[in-house]
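Asks: For reference, this is final-v4.cif, and it has mmCIF, C-alpha atoms.
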```
data_model
loop_
_atom_site.label_atom_id
_atom_site.label_comp_id
_atom_site.auth_asym_id
_atom_site.auth_seq_id
_atom_site.Cartn_x
_atom_site.Cartn_y
_atom_site.Cartn_z
CA MET U 28 8.28 -20.09 24.57
CA THR U 29 5.17 -18.62 26.21
CA ILE U 30 2.39 -17.64 23.85
CA ASN U 31 -0.90 -16.19 25.06
CA HIS U 32 -4.34 -17.20 23.87
CA GLU U 33 -4.82 -13.95 21.97
CA ASP U 34 -1.68 -14.61 19.92
CA ILE U 35 -2.71 -18.23 19.32
CA LEU U 36 -6.07 -17.10 18.04
CA ASP U 37 -4.41 -14.46 15.86
CA GLU U 38 -2.13 -17.08 14.32
CA LEU U 39 -5.01 -19.51 13.72
CA SER U 40 -7.01 -16.74 12.07
CA TYR U 41 -3.98 -15.73 9.99
CA GLN U 42 -3.49 -19.27 8.68
CA ALA U 43 -7.22 -19.55 7.94
CA ALA U 44 -7.10 -16.21 6.07
CA LEU U 45 -4.13 -17.40 3.97
CA ALA U 46 -6.11 -20.50 3.03
CA GLU U 47 -9.07 -18.30 2.13
CA ALA U 48 -6.85 -16.11 -0.07
CA ASP U 49 -5.52 -19.21 -1.85
CA HIS U 50 -8.73 -21.18 -2.28
CA GLY U 51 -11.63 -18.78 -1.79
CA THR U 52 -13.69 -17.44 -4.66
CA SER U 53 -14.55 -13.90 -5.69
CA THR U 54 -17.93 -12.64 -6.86
CA ARG U 55 -18.62 -10.31 -9.80
CA ALA U 56 -19.05 -7.47 -7.32
CA ASP U 57 -15.56 -8.27 -5.98
CA ASP U 58 -14.16 -8.13 -9.54
CA ARG U 59 -15.75 -4.72 -10.10
CA TRP U 60 -14.52 -3.42 -6.74
CA SER U 61 -10.99 -4.64 -7.52
CA ARG U 62 -10.96 -2.92 -10.93
CA GLU U 63 -12.24 0.34 -9.46
CA LEU U 64 -9.62 0.25 -6.73
CA GLY U 65 -6.97 -0.49 -9.38
CA ASP U 66 -8.02 2.62 -11.33
CA LYS U 67 -7.84 4.75 -8.21
CA LEU U 68 -4.36 3.45 -7.39
CA GLN U 69 -3.20 4.06 -10.97
CA ALA U 70 -4.15 7.72 -10.57
CA ARG U 71 -2.03 7.98 -7.44
CA LEU U 72 0.87 6.16 -9.13
CA ALA U 73 0.69 8.66 -12.02
CA GLU U 74 0.87 11.48 -9.47
CA LEU U 75 3.95 9.90 -7.85
CA ARG U 76 5.59 9.53 -11.29
CA ARG U 77 4.86 13.19 -12.08
CA ASN U 78 6.51 14.16 -8.79
CA LEU U 79 9.73 12.55 -10.02
CA LEU U 80 9.94 14.76 -13.12
CA PRO U 81 12.25 17.77 -12.88
CA PRO U 82 10.42 21.10 -12.64
CA PRO U 83 9.90 22.73 -16.07
CA ALA U 84 12.72 25.12 -17.05
CA PRO U 85 11.65 28.78 -16.95
CA ILE U 86 10.86 30.15 -20.42
CA GLU U 87 13.46 32.73 -21.37
CA LYS U 88 12.19 35.69 -23.33
CA ALA U 89 14.09 36.20 -26.58
CA LYS U 90 16.19 39.36 -26.73
CA PRO U 91 15.56 41.80 -29.59
CA VAL U 92 17.77 41.24 -32.66
CA ARG U 93 20.57 43.79 -33.00
CA ARG U 94 19.83 46.66 -35.37
CA LYS U 95 22.82 45.86 -37.63
CA TRP U 96 21.27 42.52 -38.60
CA LEU U 97 17.84 44.00 -39.18
CA ALA U 98 19.23 46.19 -41.95
CA LEU U 99 20.66 43.27 -43.99
CA GLU U 100 18.98 41.48 -46.90
CA ARG U 101 18.86 37.67 -47.29
CA ASP U 102 22.00 37.35 -49.47
CA GLU U 103 23.97 39.50 -47.07
CA LEU U 104 22.73 37.50 -44.08
CA ILE U 105 23.82 34.20 -45.67
CA ALA U 106 27.20 35.73 -46.60
CA GLN U 107 27.70 36.88 -43.00
CA LEU U 108 26.81 33.46 -41.63
CA THR U 109 29.19 31.74 -44.07
CA SER U 110 32.02 34.07 -43.15
CA ILE U 111 31.48 33.60 -39.41
CA THR U 112 31.39 29.80 -39.65
CA GLN U 113 34.48 29.74 -41.86
CA ALA U 114 36.35 32.14 -39.59
CA MET U 115 35.60 30.05 -36.56
CA SER U 116 36.45 26.84 -38.49
CA GLY U 117 34.13 24.33 -36.86
CA ALA U 118 33.96 26.02 -33.46
CA VAL U 119 30.47 27.12 -34.35
CA GLN U 120 27.79 24.70 -35.45
CA TYR U 121 24.08 24.96 -36.03
CA ALA U 122 21.46 22.39 -36.92
CA HIS U 123 20.55 23.75 -40.34
CA ARG U 124 22.80 22.58 -43.18
CA ASP U 125 20.53 24.02 -45.79
CA LEU U 126 19.77 27.63 -44.95
CA GLN U 127 17.12 27.75 -47.73
CA GLY U 128 14.56 26.46 -45.27
CA LEU U 129 15.09 29.37 -42.89
CA SER U 130 13.23 32.66 -43.20
CA ASP U 131 15.07 36.01 -43.27
CA ASN U 132 14.03 36.53 -39.70
CA ASP U 133 15.39 33.10 -38.68
CA LEU U 134 18.73 34.02 -40.31
CA ARG U 135 18.82 37.31 -38.42
CA GLN U 136 18.11 35.54 -35.12
CA LEU U 137 20.82 32.96 -35.86
CA LEU U 138 23.34 35.68 -36.59
CA ASP U 139 22.33 37.55 -33.46
CA LEU U 140 22.80 34.38 -31.44
CA LEU U 141 26.32 33.88 -32.80
CA ASP U 142 27.18 37.53 -32.27
CA THR U 143 29.24 38.01 -29.09
CA SER U 144 29.55 41.77 -29.37
CA PRO U 145 27.77 43.89 -26.72
CA ARG U 146 24.15 44.85 -27.41
CA ASP U 147 23.16 48.39 -28.45
CA MET C 5 2.46 32.77 17.70
CA THR C 6 2.72 29.19 18.91
CA THR C 7 2.75 26.25 16.53
CA THR C 8 1.50 22.86 17.50
CA THR C 9 2.43 19.74 15.58
CA THR C 10 -0.35 17.22 15.78
CA ALA C 11 -0.02 13.54 15.03
CA GLN C 12 -2.13 14.07 11.90
CA GLN C 13 0.33 16.69 10.61
CA LEU C 14 3.26 14.36 11.21
CA CYS C 15 1.51 11.66 9.19
CA ARG C 16 1.16 13.98 6.19
CA THR C 17 4.89 14.31 5.51
CA ALA C 18 5.46 14.18 1.73
CA PHE C 19 6.40 10.74 0.40
CA THR C 20 8.53 10.58 -2.72
CA PRO C 21 9.36 6.98 -3.64
CA SER C 22 11.96 6.10 -6.27
CA GLU C 23 11.10 5.12 -9.83
CA ASP C 24 12.03 1.49 -9.02
CA TRP C 25 9.65 1.50 -6.04
CA ILE C 26 6.80 2.87 -8.18
CA GLU C 27 7.52 0.27 -10.88
CA ALA C 28 7.52 -2.56 -8.32
CA PHE C 29 4.22 -1.40 -6.87
CA ASP C 30 2.67 -1.02 -10.32
CA ARG C 31 3.84 -4.46 -11.45
CA GLN C 32 2.62 -6.28 -8.32
CA ASN C 33 -0.63 -4.37 -7.81
CA THR C 34 -2.64 -6.73 -10.00
CA ASP C 35 -6.35 -7.43 -10.07
CA GLU C 36 -5.66 -10.93 -8.75
CA MET C 37 -3.52 -9.65 -5.87
CA ARG C 38 -6.28 -7.23 -4.79
CA LYS C 39 -8.89 -10.00 -4.89
CA ARG C 40 -6.64 -12.34 -2.88
CA ALA C 41 -6.12 -9.52 -0.36
CA GLN C 42 -9.88 -9.03 -0.18
CA ARG C 43 -10.46 -12.72 0.55
CA PHE C 44 -7.70 -12.60 3.16
CA ALA C 45 -9.26 -9.47 4.74
CA ARG C 46 -12.75 -11.03 4.70
CA SER C 47 -11.47 -13.99 6.67
CA ARG C 48 -9.59 -11.75 9.10
CA ALA C 49 -12.69 -9.59 9.57
CA ARG C 50 -14.41 -12.65 11.08
CA PHE C 51 -11.70 -12.55 13.73
CA VAL C 52 -12.78 -8.97 14.57
CA VAL C 53 -16.49 -9.86 14.51
CA ARG C 54 -15.85 -12.53 17.13
CA ALA C 55 -14.63 -9.79 19.47
CA GLY C 56 -17.74 -7.71 18.82
CA GLY C 57 -16.22 -5.41 16.19
CA ARG C 58 -17.17 -4.60 12.60
CA GLY C 59 -16.88 -7.21 9.88
CA ASP C 60 -19.16 -6.02 7.06
CA ASP C 61 -18.21 -5.77 3.36
CA LEU C 62 -17.41 -2.08 3.67
CA TYR C 63 -14.96 -2.79 6.48
CA VAL C 64 -13.30 -5.53 4.39
CA ALA C 65 -13.01 -3.21 1.37
CA GLU C 66 -11.59 -0.46 3.58
CA LEU C 67 -8.93 -2.78 4.97
CA VAL C 68 -7.47 -3.54 1.53
CA HIS C 69 -8.05 -0.03 0.18
CA ASP C 70 -6.35 1.57 3.18
CA ALA C 71 -3.43 -0.89 3.18
CA LEU C 72 -2.69 -0.06 -0.48
CA THR C 73 -3.31 3.69 -0.35
CA ASP C 74 -1.42 4.08 2.94
CA THR C 75 1.50 2.31 1.26
CA LEU C 76 1.32 4.77 -1.64
CA LEU C 77 1.14 7.66 0.82
CA GLY C 78 4.13 6.34 2.77
CA VAL C 79 2.08 5.86 5.96
CA CYS C 80 2.91 2.14 5.83
CA SER C 81 6.44 1.64 4.59
CA TRP C 82 7.07 -1.12 2.07
CA ASP C 83 10.49 -2.30 0.90
CA PRO C 84 10.09 -4.14 -2.45
CA LEU C 85 13.46 -5.83 -1.88
CA ALA C 86 12.35 -7.27 1.47
CA SER C 87 8.85 -8.58 0.65
CA THR C 88 6.25 -8.82 -2.07
CA LEU C 89 3.45 -6.26 -2.17
CA GLU C 90 0.98 -9.04 -1.37
CA ALA C 91 2.88 -10.14 1.74
CA HIS C 92 3.09 -6.49 2.81
CA VAL C 93 -0.65 -5.90 2.30
CA PHE C 94 -1.49 -9.11 4.16
CA SER C 95 0.69 -8.07 7.08
CA VAL C 96 -0.89 -4.58 7.22
CA VAL C 97 -4.38 -6.14 7.16
CA ARG C 98 -3.32 -8.64 9.83
CA PHE C 99 -1.87 -5.89 12.02
CA ARG C 100 -4.93 -3.65 11.73
CA THR C 101 -7.49 -6.41 12.26
CA LYS C 102 -5.56 -7.53 15.32
CA ASN C 103 -5.67 -3.98 16.69
CA ASP C 104 -9.34 -3.60 15.81
CA ARG C 105 -10.00 -6.82 17.66
CA VAL C 106 -8.05 -5.63 20.73
CA ARG C 107 -9.98 -2.35 20.60
CA ALA C 108 -13.30 -4.16 20.22
CA LEU C 109 -12.48 -6.41 23.17
CA ARG C 110 -11.42 -3.44 25.25
CA PHE C 111 -14.65 -1.70 24.37
CA ARG C 112 -16.60 -4.72 25.62
CA HIS C 113 -14.87 -4.49 28.98
CA GLN C 114 -14.63 -0.71 29.46
CA SER C 115 -17.31 1.72 30.57
CA LEU C 116 -18.88 3.77 27.79
CA ASP C 117 -17.91 7.12 29.33
CA ALA C 118 -14.17 6.41 29.23
CA PRO C 119 -12.37 9.11 27.22
CA ASP C 120 -11.41 7.92 23.74
CA ALA C 121 -7.79 8.97 23.53
CA ALA C 122 -7.45 7.26 20.16
CA GLY C 123 -9.81 9.82 18.64
CA VAL C 124 -7.06 12.42 18.49
CA MET C 125 -4.39 10.10 17.12
CA CYS C 126 -3.73 9.21 13.54
CA GLU C 127 -4.17 5.63 12.38
CA VAL C 128 -0.51 4.70 12.63
CA GLU C 129 -0.13 5.94 16.18
CA THR C 130 -3.36 4.27 17.20
CA SER C 131 -2.12 1.02 15.72
CA LEU C 132 1.23 1.34 17.47
CA ALA C 133 -0.43 2.16 20.78
CA ALA C 134 -2.81 -0.77 20.48
CA ALA C 135 0.01 -3.13 19.57
CA ALA C 136 2.10 -1.96 22.49
CA SER C 137 -0.63 -2.66 25.02
CA SER C 138 -0.87 -6.20 26.26
CA PRO C 139 -4.26 -7.92 26.16
CA SER C 140 -6.35 -7.62 29.29
CA PRO C 141 -7.06 -10.70 31.45
CA GLU C 142 -10.67 -10.55 30.19
CA SER C 143 -9.47 -10.60 26.57
CA LEU C 144 -7.25 -13.58 27.28
CA THR C 145 -10.11 -15.45 28.94
CA PHE C 146 -12.34 -14.62 25.97
CA SER C 147 -9.66 -15.82 23.49
CA ALA C 148 -9.23 -19.05 25.48
CA GLU C 149 -12.99 -19.60 25.22
CA VAL C 150 -12.91 -19.01 21.45
CA ILE C 151 -10.06 -21.52 21.04
CA ALA C 152 -12.04 -24.02 23.12
CA GLN C 153 -15.04 -23.39 20.82
CA LEU C 154 -12.82 -23.88 17.78
CA ARG C 155 -11.59 -27.21 19.15
CA LYS C 156 -15.20 -28.21 19.83
CA LEU C 157 -16.18 -27.36 16.23
CA ALA C 158 -13.17 -29.30 14.95
CA GLY C 159 -14.64 -32.39 16.65
CA ASP C 160 -12.52 -35.45 15.88
CA ASP C 161 -10.51 -33.72 13.12
CA VAL C 162 -7.09 -34.74 14.48
CA GLU C 163 -5.15 -32.57 12.04
CA ILE C 164 -6.93 -29.37 13.14
CA HIS C 165 -6.13 -30.21 16.76
CA ARG C 166 -2.51 -30.80 15.78
CA ILE C 167 -2.37 -27.38 14.10
CA VAL C 168 -3.81 -25.71 17.21
CA ASP C 169 -1.37 -27.67 19.39
CA ALA C 170 1.58 -26.63 17.20
CA ILE C 171 0.61 -22.96 17.33
CA GLU C 172 0.09 -23.20 21.10
CA GLN C 173 3.66 -24.50 21.29
CA GLY C 174 4.89 -21.39 19.46
CA ALA C 175 5.02 -22.50 15.82
CA THR C 176 4.15 -19.62 13.51
CA VAL C 177 5.35 -20.31 9.98
CA PRO C 178 3.90 -23.26 7.98
CA ARG C 179 7.23 -25.12 8.08
CA GLU C 180 7.22 -25.06 11.89
CA ILE C 181 3.52 -25.92 12.15
CA MET C 182 4.01 -28.89 9.82
CA SER C 183 7.08 -30.03 11.73
CA VAL C 184 5.60 -29.71 15.24
CA GLY C 185 2.20 -31.01 14.15
CA GLN C 186 3.78 -33.84 12.12
CA LEU C 187 1.81 -32.95 9.01
CA SER C 188 2.84 -33.48 5.40
CA ALA C 189 2.64 -30.50 3.04
CA LYS C 190 -0.44 -31.96 1.36
CA THR C 191 -2.20 -32.69 4.68
CA TRP C 192 -1.29 -29.21 5.91
CA ARG C 193 -2.81 -27.52 2.83
CA LYS C 194 -6.07 -29.46 3.18
CA ALA C 195 -6.25 -29.01 6.96
CA ARG C 196 -5.63 -25.28 6.67
CA LEU C 197 -8.61 -25.03 4.35
CA ARG C 198 -10.79 -26.90 6.88
CA LEU C 199 -9.48 -24.53 9.55
CA ALA C 200 -10.69 -21.59 7.42
CA ARG C 201 -14.18 -23.18 7.28
CA ILE C 202 -14.20 -23.66 11.06
CA VAL C 203 -13.15 -20.03 11.61
CA GLU C 204 -16.04 -19.00 9.34
CA GLU C 205 -18.43 -21.25 11.26
CA LEU C 206 -17.14 -19.81 14.52
CA SER C 207 -18.05 -16.25 13.50
CA ASN C 208 -21.54 -17.42 12.50
CA HIS C 209 -21.90 -18.91 15.99
CA VAL C 210 -20.97 -15.54 17.49
CA ARG C 211 -23.55 -13.75 15.33
CA LEU C 212 -26.22 -16.22 16.39
CA GLU C 213 -25.23 -15.77 20.03
CA ALA C 214 -25.39 -11.98 19.65
CA ARG C 215 -28.88 -12.24 18.08
CA ARG C 216 -30.01 -14.52 20.90
CA HIS C 217 -28.85 -12.00 23.50
CA ALA C 218 -30.28 -8.98 21.67
#
```
Transcribe the structure of this file into structure tokens.

Replies:
Amino acid sequence: MTINHEDILDELSYQAALAEADHGTSTRADDRWSRELGDKLQARLAELRRNLLPPPAPIEKAKPVRRKWLALERDELIAQLTSITQAMSGAVQYAHRDLQGLSDNDLRQLLDLLDTSPRD
Amino acid sequence: MTTTTTAQQLCRTAFTPSEDWIEAFDRQNTDEMRKRAQRFARSRARFVVRAGGRGDDLYVAELVHDALTDTLLGVCSWDPLASTLEAHVFSVVRFRTKNDRVRALRFRHQSLDAPDAAGVMCEVETSLAAAASSPSPESLTFSAEVIAQLRKLAGDDVEIHRIVDAIEQGATVPREIMSVGQLSAKTWRKARLRLARIVEELSNHVRLEARRHA
């Protein structure tokens, strides 16, 4: 194998540099430099991680509640909801077991959401 | 309208590594690894100084900084399954210091008014171009002189001469150097450290020579 002097010198320097990495010492200034570089690299890593996130879903504007629901009082709204859920026997589910915690407006929006009839 | 794609534009192609890649980089990019890389780069910079190039602290810091940021930018590709981040950074620093040395040597032997084609090329292309070109006869003569100087500084340190002999015979990895040079692992570790001191001494000699000629 033929190896030129430039390559020999490169290899000698490489081995010397490996020894320096293993046994050399670092100063306080080196420690500070290393920490600062680490912070800079962390910022870039955070940017790369952000790039992996899916783009935020577009915010959909809520449609106005149908007039027929606006006219109902709380008791009537709860009765309607109960009848719909019973009629659909489990095909419809919503997170709220206790409707007491929902406002009248929440109940109207829930009914409007379950309503499949065409809008006015 | 005509569009021109410059080398710089090609180098700016978006790099989107996987989550595993980012995790591997984050885990291995430790304070200790960066300091080891800095010591490695400092030693390699002496190799560039010997050719008349830069070797100051800023240059050393740039070598490590650029190796790591270029990896994060995708300019230097790193496969975490193939090598550690440290080995990758060391090889980038080795590659660039070798090219800087070739460039510095070329600069010593070329006229000052020669057009600097590298000025319009991005770092990667410059590195590739420099690596592709074979060293000039002057560079080889200069390297031979440096090796002769190194042997002279080694004096009667037989193990250093054996290491140089082994590398001259084509040994590159420690296992080969130890085998060809007939060195035990312990002797090799100690001799390599003495080699590092000689390389350091060698660059001081060059600085003194430069001052003498200034």

Asks: On this structure, the PyMOL selection byres ((chain C) within 8 of (chain U)) would catch which residues? List them as a VMD selection string, sorted by chain and number.

Replies: chain C and resid 20 to 23 26 30 33 to 35 38 to 48 51 69 72 to 73 76 98 102 139 143 to 145 147 to 148 150 to 151 168 171 to 174 176 193 196 to 197 199 to 201 203

Asks: For the residues in the current selection, export C-alpha atoms as an mmCIF file, in the coordinates of the input.

Replies:
```cif
data_model
loop_
_atom_site.group_PDB
_atom_site.id
_atom_site.type_symbol
_atom_site.label_atom_id
_atom_site.label_comp_id
_atom_site.auth_asym_id
_atom_site.auth_seq_id
_atom_site.Cartn_x
_atom_site.Cartn_y
_atom_site.Cartn_z
ATOM 1 C CA THR C 20 8.530 10.580 -2.720
ATOM 2 C CA PRO C 21 9.360 6.980 -3.640
ATOM 3 C CA SER C 22 11.960 6.100 -6.270
ATOM 4 C CA GLU C 23 11.100 5.120 -9.830
ATOM 5 C CA ILE C 26 6.800 2.870 -8.180
ATOM 6 C CA ASP C 30 2.670 -1.020 -10.320
ATOM 7 C CA ASN C 33 -0.630 -4.370 -7.810
ATOM 8 C CA THR C 34 -2.640 -6.730 -10.000
ATOM 9 C CA ASP C 35 -6.350 -7.430 -10.070
ATOM 10 C CA ARG C 38 -6.280 -7.230 -4.790
ATOM 11 C CA LYS C 39 -8.890 -10.000 -4.890
ATOM 12 C CA ARG C 40 -6.640 -12.340 -2.880
ATOM 13 C CA ALA C 41 -6.120 -9.520 -0.360
ATOM 14 C CA GLN C 42 -9.880 -9.030 -0.180
ATOM 15 C CA ARG C 43 -10.460 -12.720 0.550
ATOM 16 C CA PHE C 44 -7.700 -12.600 3.160
ATOM 17 C CA ALA C 45 -9.260 -9.470 4.740
ATOM 18 C CA ARG C 46 -12.750 -11.030 4.700
ATOM 19 C CA SER C 47 -11.470 -13.990 6.670
ATOM 20 C CA ARG C 48 -9.590 -11.750 9.100
ATOM 21 C CA PHE C 51 -11.700 -12.550 13.730
ATOM 22 C CA HIS C 69 -8.050 -0.030 0.180
ATOM 23 C CA LEU C 72 -2.690 -0.060 -0.480
ATOM 24 C CA THR C 73 -3.310 3.690 -0.350
ATOM 25 C CA LEU C 76 1.320 4.770 -1.640
ATOM 26 C CA ARG C 98 -3.320 -8.640 9.830
ATOM 27 C CA LYS C 102 -5.560 -7.530 15.320
ATOM 28 C CA PRO C 139 -4.260 -7.920 26.160
ATOM 29 C CA SER C 143 -9.470 -10.600 26.570
ATOM 30 C CA LEU C 144 -7.250 -13.580 27.280
ATOM 31 C CA THR C 145 -10.110 -15.450 28.940
ATOM 32 C CA SER C 147 -9.660 -15.820 23.490
ATOM 33 C CA ALA C 148 -9.230 -19.050 25.480
ATOM 34 C CA VAL C 150 -12.910 -19.010 21.450
ATOM 35 C CA ILE C 151 -10.060 -21.520 21.040
ATOM 36 C CA VAL C 168 -3.810 -25.710 17.210
ATOM 37 C CA ILE C 171 0.610 -22.960 17.330
ATOM 38 C CA GLU C 172 0.090 -23.200 21.100
ATOM 39 C CA GLN C 173 3.660 -24.500 21.290
ATOM 40 C CA GLY C 174 4.890 -21.390 19.460
ATOM 41 C CA THR C 176 4.150 -19.620 13.510
ATOM 42 C CA ARG C 193 -2.810 -27.520 2.830
ATOM 43 C CA ARG C 196 -5.630 -25.280 6.670
ATOM 44 C CA LEU C 197 -8.610 -25.030 4.350
ATOM 45 C CA LEU C 199 -9.480 -24.530 9.550
ATOM 46 C CA ALA C 200 -10.690 -21.590 7.420
ATOM 47 C CA ARG C 201 -14.180 -23.180 7.280
ATOM 48 C CA VAL C 203 -13.150 -20.030 11.610
#
```

Asks: Applying 8 Å and only C-alpha atoms, which residues near C:Asp104 remain after dropping the ones on its own chain fewer than 3 positions away? List them as a ChimeraX atom specification.

Replies: /C:52,57,100-101,107-108

Asks: With only C-alpha atoms as the atoms that count, which of U:Leu108, U:Asp139, U:Ala70, U:Pro145 lies nearest to U:Gln120?

Replies: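 Among U:Leu108, U:Asp139, U:Ala70, U:Pro145, it is U:Leu108 that comes nearest to U:Gln120.
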
Asks: Once the PyMOL selection byres ((chain U and resi 100-105) around 10) has been evaluated on this model, what residues remain selected, and can you format them as a ChimeraX atom specification?

Replies: /U:96-99,106-111,126-127,130-132,134-135,137-138

Asks: Mind pulling up the distance from atom CA of C:Val96 to atom CA of C:Val64?

Replies: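 Separation between atom CA of C:Val64 and atom CA of C:Val96: 12.8 Å.
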
Asks: Could you work out an axis-aligned bounding box for all listed atoms of stretch 41-46 of chain C, with 4 Å added on each of the six sides, and give its centre and edge lengths in Å to one decimal, as JSON?

Replies:
```
{"center_x": -9.4, "center_y": -10.9, "center_z": 2.2, "size_x": 14.6, "size_y": 11.7, "size_z": 13.1}
```

Asks: So how many Å separate atom CA of U:Asp133 and atom CA of U:Lys88, to one decimal?

Replies: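 Straight-line distance from atom CA of U:Asp133 to atom CA of U:Lys88 works out to 15.9 Å.
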
Asks: Could you work out how far atom CA of C:Leu89 lies from atom CA of C:Leu67, giving the answer in Å with one decimal?

Replies: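 Between these atoms lies a distance of 14.7 Å.
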
Asks: Would you kindly return, as a ChimeraX atom specification, each protein, DNA or RNA residue with an atom no farther than 9 Å from any atom of C:Arg166, considering all atoms listed in the file and excluding same-chain residues fewer than 2 positions away?

Replies: /C:161-164,168-171,181,184-187

Asks: Residues proximal to (1.2, -5.5, 9.2) were defined as those with any atom within 12 Å of that point in the file's coordinates, counting only C-alpha atoms. Which are they, as an MDAnalysis selection string?

Replies: (chainID U and resid 41) or (chainID C and resid 67:68 70:72 74:75 79:82 87 89:103 128 131:132 135)
